[in-house]
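work_30.cif (mmCIF, C-alpha atoms; chains and numbers go by the auth columns) appears below.
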```cif
data_final
loop_
_atom_site.group_PDB
_atom_site.id
_atom_site.type_symbol
_atom_site.label_atom_id
_atom_site.label_comp_id
_atom_site.label_asym_id
_atom_site.label_seq_id
_atom_site.Cartn_x
_atom_site.Cartn_y
_atom_site.Cartn_z
_atom_site.B_iso_or_equiv
_atom_site.auth_seq_id
_atom_site.auth_asym_id
ATOM 1 C CA MET A 1 2.409 33.706 13.706 0.00 1 A
ATOM 2 C CA ASP A 2 5.578 34.763 15.510 0.00 2 A
ATOM 3 C CA SER A 3 4.561 33.810 19.021 0.00 3 A
ATOM 4 C CA MET A 4 2.137 31.411 20.614 0.00 4 A
ATOM 5 C CA ASN A 5 0.507 31.790 23.996 0.00 5 A
ATOM 6 C CA ASN A 6 -0.793 28.824 25.883 0.00 6 A
ATOM 7 C CA SER A 7 -1.878 28.131 29.423 0.00 7 A
ATOM 8 C CA THR A 8 1.613 27.140 30.586 0.00 8 A
ATOM 9 C CA GLY A 9 3.445 30.188 29.284 0.00 9 A
ATOM 10 C CA SER A 10 4.551 31.638 26.012 0.00 10 A
ATOM 11 C CA MET A 11 6.765 30.153 23.389 0.00 11 A
ATOM 12 C CA SER A 12 8.508 32.225 20.767 0.00 12 A
ATOM 13 C CA MET A 13 8.699 30.744 17.284 0.00 13 A
ATOM 14 C CA SER A 14 10.407 32.302 14.304 0.00 14 A
ATOM 15 C CA THR A 15 11.118 31.078 10.829 0.00 15 A
ATOM 16 C CA SER A 16 13.652 32.283 8.312 0.00 16 A
ATOM 17 C CA MET A 17 12.266 30.572 5.203 0.00 17 A
ATOM 18 C CA THR A 18 12.152 32.890 2.205 0.00 18 A
ATOM 19 C CA PRO A 19 9.177 31.799 0.064 0.00 19 A
ATOM 20 C CA TRP A 20 10.666 32.864 -3.283 0.00 20 A
ATOM 21 C CA LEU A 21 13.641 31.897 -5.391 0.00 21 A
ATOM 22 C CA HIS A 22 16.816 33.320 -3.884 0.00 22 A
ATOM 23 C CA PHE A 23 20.536 32.731 -3.455 0.00 23 A
ATOM 24 C CA GLY A 24 22.314 32.974 -0.151 0.00 24 A
ATOM 25 C CA ASN A 25 23.598 31.189 2.920 0.00 25 A
ATOM 26 C CA THR A 26 20.769 31.686 5.378 0.00 26 A
ATOM 27 C CA ASP A 27 18.790 28.518 4.607 0.00 27 A
ATOM 28 C CA HIS A 28 18.628 25.325 6.589 0.00 28 A
ATOM 29 C CA LEU A 29 19.352 22.248 4.516 0.00 29 A
ATOM 30 C CA LEU A 30 16.861 19.540 5.588 0.00 30 A
ATOM 31 C CA PHE A 31 17.609 19.831 9.325 0.00 31 A
ATOM 32 C CA GLN A 32 17.757 22.772 11.687 0.00 32 A
ATOM 33 C CA THR A 33 21.401 22.097 12.507 0.00 33 A
ATOM 34 C CA TRP A 34 22.412 21.915 8.824 0.00 34 A
ATOM 35 C CA GLN A 35 22.770 25.567 7.905 0.00 35 A
ATOM 36 C CA PRO A 36 25.699 26.348 5.636 0.00 36 A
ATOM 37 C CA SER A 37 26.832 29.767 6.842 0.00 37 A
ATOM 38 C CA SER A 38 29.620 30.633 4.413 0.00 38 A
ATOM 39 C CA HIS A 39 29.908 30.615 0.645 0.00 39 A
ATOM 40 C CA ALA A 40 32.318 27.676 0.850 0.00 40 A
ATOM 41 C CA ALA A 41 29.844 25.733 2.980 0.00 41 A
ATOM 42 C CA VAL A 42 27.041 26.437 0.490 0.00 42 A
ATOM 43 C CA GLY A 43 29.372 25.277 -2.296 0.00 43 A
ATOM 44 C CA GLY A 44 30.068 22.070 -0.392 0.00 44 A
ATOM 45 C CA ALA A 45 26.345 21.542 0.186 0.00 45 A
ATOM 46 C CA CYS A 46 25.722 22.085 -3.529 0.00 46 A
ATOM 47 C CA PHE A 47 28.404 19.544 -4.426 0.00 47 A
ATOM 48 C CA GLY A 48 26.851 17.042 -2.003 0.00 48 A
ATOM 49 C CA LEU A 49 23.400 17.628 -3.503 0.00 49 A
ATOM 50 C CA PHE A 50 24.851 17.202 -6.987 0.00 50 A
ATOM 51 C CA LEU A 51 26.315 13.802 -6.011 0.00 51 A
ATOM 52 C CA PHE A 52 23.106 12.818 -4.173 0.00 52 A
ATOM 53 C CA SER A 53 21.096 13.590 -7.326 0.00 53 A
ATOM 54 C CA ILE A 54 23.439 11.467 -9.449 0.00 54 A
ATOM 55 C CA MET A 55 23.008 8.625 -6.939 0.00 55 A
ATOM 56 C CA GLU A 56 19.213 8.888 -7.302 0.00 56 A
ATOM 57 C CA ARG A 57 19.517 8.329 -11.067 0.00 57 A
ATOM 58 C CA CYS A 58 22.006 5.489 -10.481 0.00 58 A
ATOM 59 C CA LEU A 59 19.542 3.831 -8.140 0.00 59 A
ATOM 60 C CA GLY A 60 16.787 4.233 -10.745 0.00 60 A
ATOM 61 C CA ALA A 61 18.950 2.549 -13.388 0.00 61 A
ATOM 62 C CA TYR A 62 19.821 -0.286 -11.013 0.00 62 A
ATOM 63 C CA ARG A 63 16.144 -0.769 -10.234 0.00 63 A
ATOM 64 C CA ARG A 64 15.206 -0.853 -13.957 0.00 64 A
ATOM 65 C CA THR A 65 17.930 -3.407 -14.628 0.00 65 A
ATOM 66 C CA GLN A 66 16.762 -5.588 -11.757 0.00 66 A
ATOM 67 C CA GLU A 67 13.116 -5.280 -12.876 0.00 67 A
ATOM 68 C CA SER A 68 14.063 -6.633 -16.310 0.00 68 A
ATOM 69 C CA HIS A 69 16.022 -9.479 -14.746 0.00 69 A
ATOM 70 C CA TRP A 70 13.203 -10.360 -12.328 0.00 70 A
ATOM 71 C CA ARG A 71 10.580 -10.197 -15.097 0.00 71 A
ATOM 72 C CA THR A 72 12.557 -12.618 -17.258 0.00 72 A
ATOM 73 C CA LYS A 73 13.108 -15.019 -14.349 0.00 73 A
ATOM 74 C CA ALA A 74 9.415 -14.884 -13.356 0.00 74 A
ATOM 75 C CA ILE A 75 8.319 -15.681 -16.908 0.00 75 A
ATOM 76 C CA LEU A 76 10.736 -18.559 -17.100 0.00 76 A
ATOM 77 C CA MET A 77 9.678 -19.870 -13.682 0.00 77 A
ATOM 78 C CA SER A 78 5.978 -19.686 -14.548 0.00 78 A
ATOM 79 C CA SER A 79 6.527 -21.496 -17.865 0.00 79 A
ATOM 80 C CA GLY A 80 8.706 -24.175 -16.270 0.00 80 A
ATOM 81 C CA LEU A 81 11.838 -23.280 -18.248 0.00 81 A
ATOM 82 C CA HIS A 82 15.290 -22.514 -16.951 0.00 82 A
ATOM 83 C CA ALA A 83 17.209 -19.311 -17.691 0.00 83 A
ATOM 84 C CA CYS A 84 19.494 -21.063 -20.177 0.00 84 A
ATOM 85 C CA ASP A 85 16.557 -22.588 -22.138 0.00 85 A
ATOM 86 C CA SER A 86 15.002 -19.328 -23.363 0.00 86 A
ATOM 87 C CA LYS A 87 15.824 -15.667 -23.777 0.00 87 A
ATOM 88 C CA GLU A 88 12.150 -14.680 -24.115 0.00 88 A
ATOM 89 C CA GLU A 89 11.032 -11.429 -22.496 0.00 89 A
ATOM 90 C CA GLY A 90 7.706 -9.750 -21.877 0.00 90 A
ATOM 91 C CA PRO A 91 4.468 -11.027 -20.396 0.00 91 A
ATOM 92 C CA LYS A 92 3.038 -14.181 -21.915 0.00 92 A
ATOM 93 C CA ALA A 93 -0.591 -14.396 -22.899 0.00 93 A
ATOM 94 C CA SER A 94 -2.672 -17.186 -21.448 0.00 94 A
ATOM 95 C CA ARG A 95 -4.898 -19.372 -23.640 0.00 95 A
ATOM 96 C CA ASP A 96 -7.874 -17.010 -23.300 0.00 96 A
ATOM 97 C CA GLY A 97 -5.774 -14.095 -24.651 0.00 97 A
ATOM 98 C CA SER A 98 -5.367 -12.200 -21.358 0.00 98 A
ATOM 99 C CA GLN A 99 -1.984 -11.477 -19.877 0.00 99 A
ATOM 100 C CA ARG A 100 -0.940 -13.243 -16.700 0.00 100 A
ATOM 101 C CA VAL A 101 0.363 -11.456 -13.641 0.00 101 A
ATOM 102 C CA ALA A 102 3.735 -12.670 -12.453 0.00 102 A
ATOM 103 C CA PRO A 103 3.522 -14.762 -9.279 0.00 103 A
ATOM 104 C CA PHE A 104 4.669 -13.421 -5.930 0.00 104 A
ATOM 105 C CA ILE A 105 8.316 -14.397 -5.590 0.00 105 A
ATOM 106 C CA PRO A 106 9.771 -13.198 -2.269 0.00 106 A
ATOM 107 C CA SER A 107 13.340 -13.077 -3.595 0.00 107 A
ATOM 108 C CA HIS A 108 12.143 -10.622 -6.284 0.00 108 A
ATOM 109 C CA ASP A 109 9.299 -8.713 -4.664 0.00 109 A
ATOM 110 C CA ILE A 110 10.873 -7.923 -1.284 0.00 110 A
ATOM 111 C CA PRO A 111 14.036 -6.394 -2.830 0.00 111 A
ATOM 112 C CA ARG A 112 11.769 -4.559 -5.314 0.00 112 A
ATOM 113 C CA GLY A 113 9.888 -3.004 -2.402 0.00 113 A
ATOM 114 C CA VAL A 114 13.099 -2.083 -0.596 0.00 114 A
ATOM 115 C CA LEU A 115 14.540 -0.466 -3.740 0.00 115 A
ATOM 116 C CA GLN A 116 11.309 1.482 -4.246 0.00 116 A
ATOM 117 C CA ALA A 117 11.390 2.721 -0.643 0.00 117 A
ATOM 118 C CA ILE A 118 15.020 3.827 -0.971 0.00 118 A
ATOM 119 C CA GLN A 119 14.417 5.540 -4.319 0.00 119 A
ATOM 120 C CA SER A 120 11.330 7.297 -2.909 0.00 120 A
ATOM 121 C CA THR A 121 13.397 8.494 0.058 0.00 121 A
ATOM 122 C CA PHE A 122 15.966 9.954 -2.339 0.00 122 A
ATOM 123 C CA ALA A 123 13.262 11.638 -4.429 0.00 123 A
ATOM 124 C CA TYR A 124 11.410 13.125 -1.438 0.00 124 A
ATOM 125 C CA THR A 125 14.688 14.360 0.044 0.00 125 A
ATOM 126 C CA LEU A 126 15.475 16.143 -3.207 0.00 126 A
ATOM 127 C CA MET A 127 11.959 17.579 -3.244 0.00 127 A
ATOM 128 C CA LEU A 128 12.436 19.004 0.243 0.00 128 A
ATOM 129 C CA VAL A 129 15.728 20.575 -0.828 0.00 129 A
ATOM 130 C CA VAL A 130 14.041 22.216 -3.810 0.00 130 A
ATOM 131 C CA MET A 131 11.295 23.492 -1.506 0.00 131 A
ATOM 132 C CA SER A 132 13.912 25.608 0.276 0.00 132 A
ATOM 133 C CA TYR A 133 13.712 27.912 -2.796 0.00 133 A
ATOM 134 C CA ASN A 134 17.486 28.329 -2.676 0.00 134 A
ATOM 135 C CA GLY A 135 18.567 28.758 -6.304 0.00 135 A
ATOM 136 C CA ALA A 136 22.012 27.233 -5.762 0.00 136 A
ATOM 137 C CA TYR A 137 20.477 24.086 -4.249 0.00 137 A
ATOM 138 C CA ILE A 138 17.878 23.845 -7.014 0.00 138 A
ATOM 139 C CA LEU A 139 20.496 24.190 -9.762 0.00 139 A
ATOM 140 C CA SER A 140 22.668 21.548 -8.067 0.00 140 A
ATOM 141 C CA VAL A 141 19.765 19.102 -7.955 0.00 141 A
ATOM 142 C CA ILE A 142 18.764 19.752 -11.579 0.00 142 A
ATOM 143 C CA LEU A 143 22.343 19.457 -12.853 0.00 143 A
ATOM 144 C CA GLY A 144 22.926 16.308 -10.793 0.00 144 A
ATOM 145 C CA LEU A 145 19.761 14.662 -12.127 0.00 145 A
ATOM 146 C CA GLY A 146 20.744 15.602 -15.671 0.00 146 A
ATOM 147 C CA VAL A 147 24.305 14.282 -15.333 0.00 147 A
ATOM 148 C CA GLY A 148 22.986 11.153 -13.619 0.00 148 A
ATOM 149 C CA GLU A 149 20.557 10.530 -16.467 0.00 149 A
ATOM 150 C CA VAL A 150 23.358 10.978 -19.011 0.00 150 A
ATOM 151 C CA LEU A 151 25.501 8.477 -17.094 0.00 151 A
ATOM 152 C CA PHE A 152 22.856 5.905 -16.137 0.00 152 A
ATOM 153 C CA GLY A 153 19.776 6.537 -18.289 0.00 153 A
ATOM 154 C CA ARG A 154 20.658 3.924 -20.880 0.00 154 A
ATOM 155 C CA PHE A 155 20.735 1.050 -18.378 0.00 155 A
ATOM 156 C CA GLY A 156 17.639 -1.088 -18.141 0.00 156 A
ATOM 157 C CA PRO A 157 14.454 -0.835 -20.191 0.00 157 A
ATOM 158 C CA ARG A 158 12.484 2.418 -19.975 0.00 158 A
ATOM 159 C CA HIS A 159 8.727 2.101 -19.463 0.00 159 A
ATOM 160 C CA ASP A 160 7.967 5.818 -19.154 0.00 160 A
ATOM 161 C CA VAL A 161 8.868 6.662 -22.763 0.00 161 A
#
```

Represent the structure from my file as structure tokens, please.
Amino acid sequence: MDSMNNSTGSMSMSTSMTPWLHFGNTDHLLFQTWQPSSHAAVGGACFGLFLFSIMERCLGAYRRTQESHWRTKAILMSSGLHACDSKEEGPKASRDGSQRVAPFIPSHDIPRGVLQAIQSTFAYTLMLVVMSYNGAYILSVILGLGVGEVLFGRFGPRHDV
């Protein structure tokens, strides 16, 4: 729909989104005012997306590391031990054989929620960039995620493997 008529007048609306994979400098990058218009500007946007993608993987590694730390502290707190008394990791089984859920610890759970919200914001931002169908942006995101995983993938335990 290129134009809309309503009772107060008419409003012209146009979109320039190309719904297939393409390369070029006619796409908006997340906001209407962010439209790289030269090849150098697209290159700069690609470099920024590359770094942003690396940061997303860095944030994921930081979150995994913190999760491991918080899990260990929660187990120690629930068993009444101090961090220097035991290096035990993993959930402990209760006497009936079931596994216990870690207690709510505000100093662990609130930062966990904040980190999840920030990481989700990064991931959804990258998804919106990919949805522009601009091949240069997509390649920048993929390469950045790959380089970020090479740099930060070994930090913290992996639960998705």

Item checked: Within 12 Å of file point (12.1, 30.4, -5.1), counting all atoms listed in the file, expressed as a VMD selection string -> chain A and resid 17 to 24 27 129 to 139

Next item on the list: Taking the file as shown, find all residues satisfying the PyMOL selection byres ((chain A and resi 43-59) around 7) and write them as a count of residues only.
Entry: 21

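The space separating CA of Pro106 in chain A from CA of Gly153 in chain A comes to 27.3 Å.
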
Notebook entry, point to check: Do you know which residues are at most 12 Å from Phe104 in chain A counting all atoms listed in the file, after dropping those on the same chain fewer than 5 positions away, and could you put them as a PyMOL selection string?
Noted result: chain A and resi 70-71+74-75+77-78+109-110+112

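Of the residues under consideration (A:Leu30, A:Ala102, A:Thr125, A:Arg64), A:Ala102 shows the shortest atom-to-atom contact distance to Leu76 in chain A when counting only C-alpha atoms.
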
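Of note, CA of Gly156 in chain A and CA of Gln66 in chain A are spaced 7.9 Å apart.
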
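Interatomic distance, CA of Trp34 in chain A to CA of Ala117 in chain A: 24.1 Å.
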
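Residue nearest Pro103 in chain A within the list A:Thr26, A:Gln116, A:Thr121, A:Ser79: A:Ser79 [criterion: smallest interatomic distance, all atoms listed in the file].
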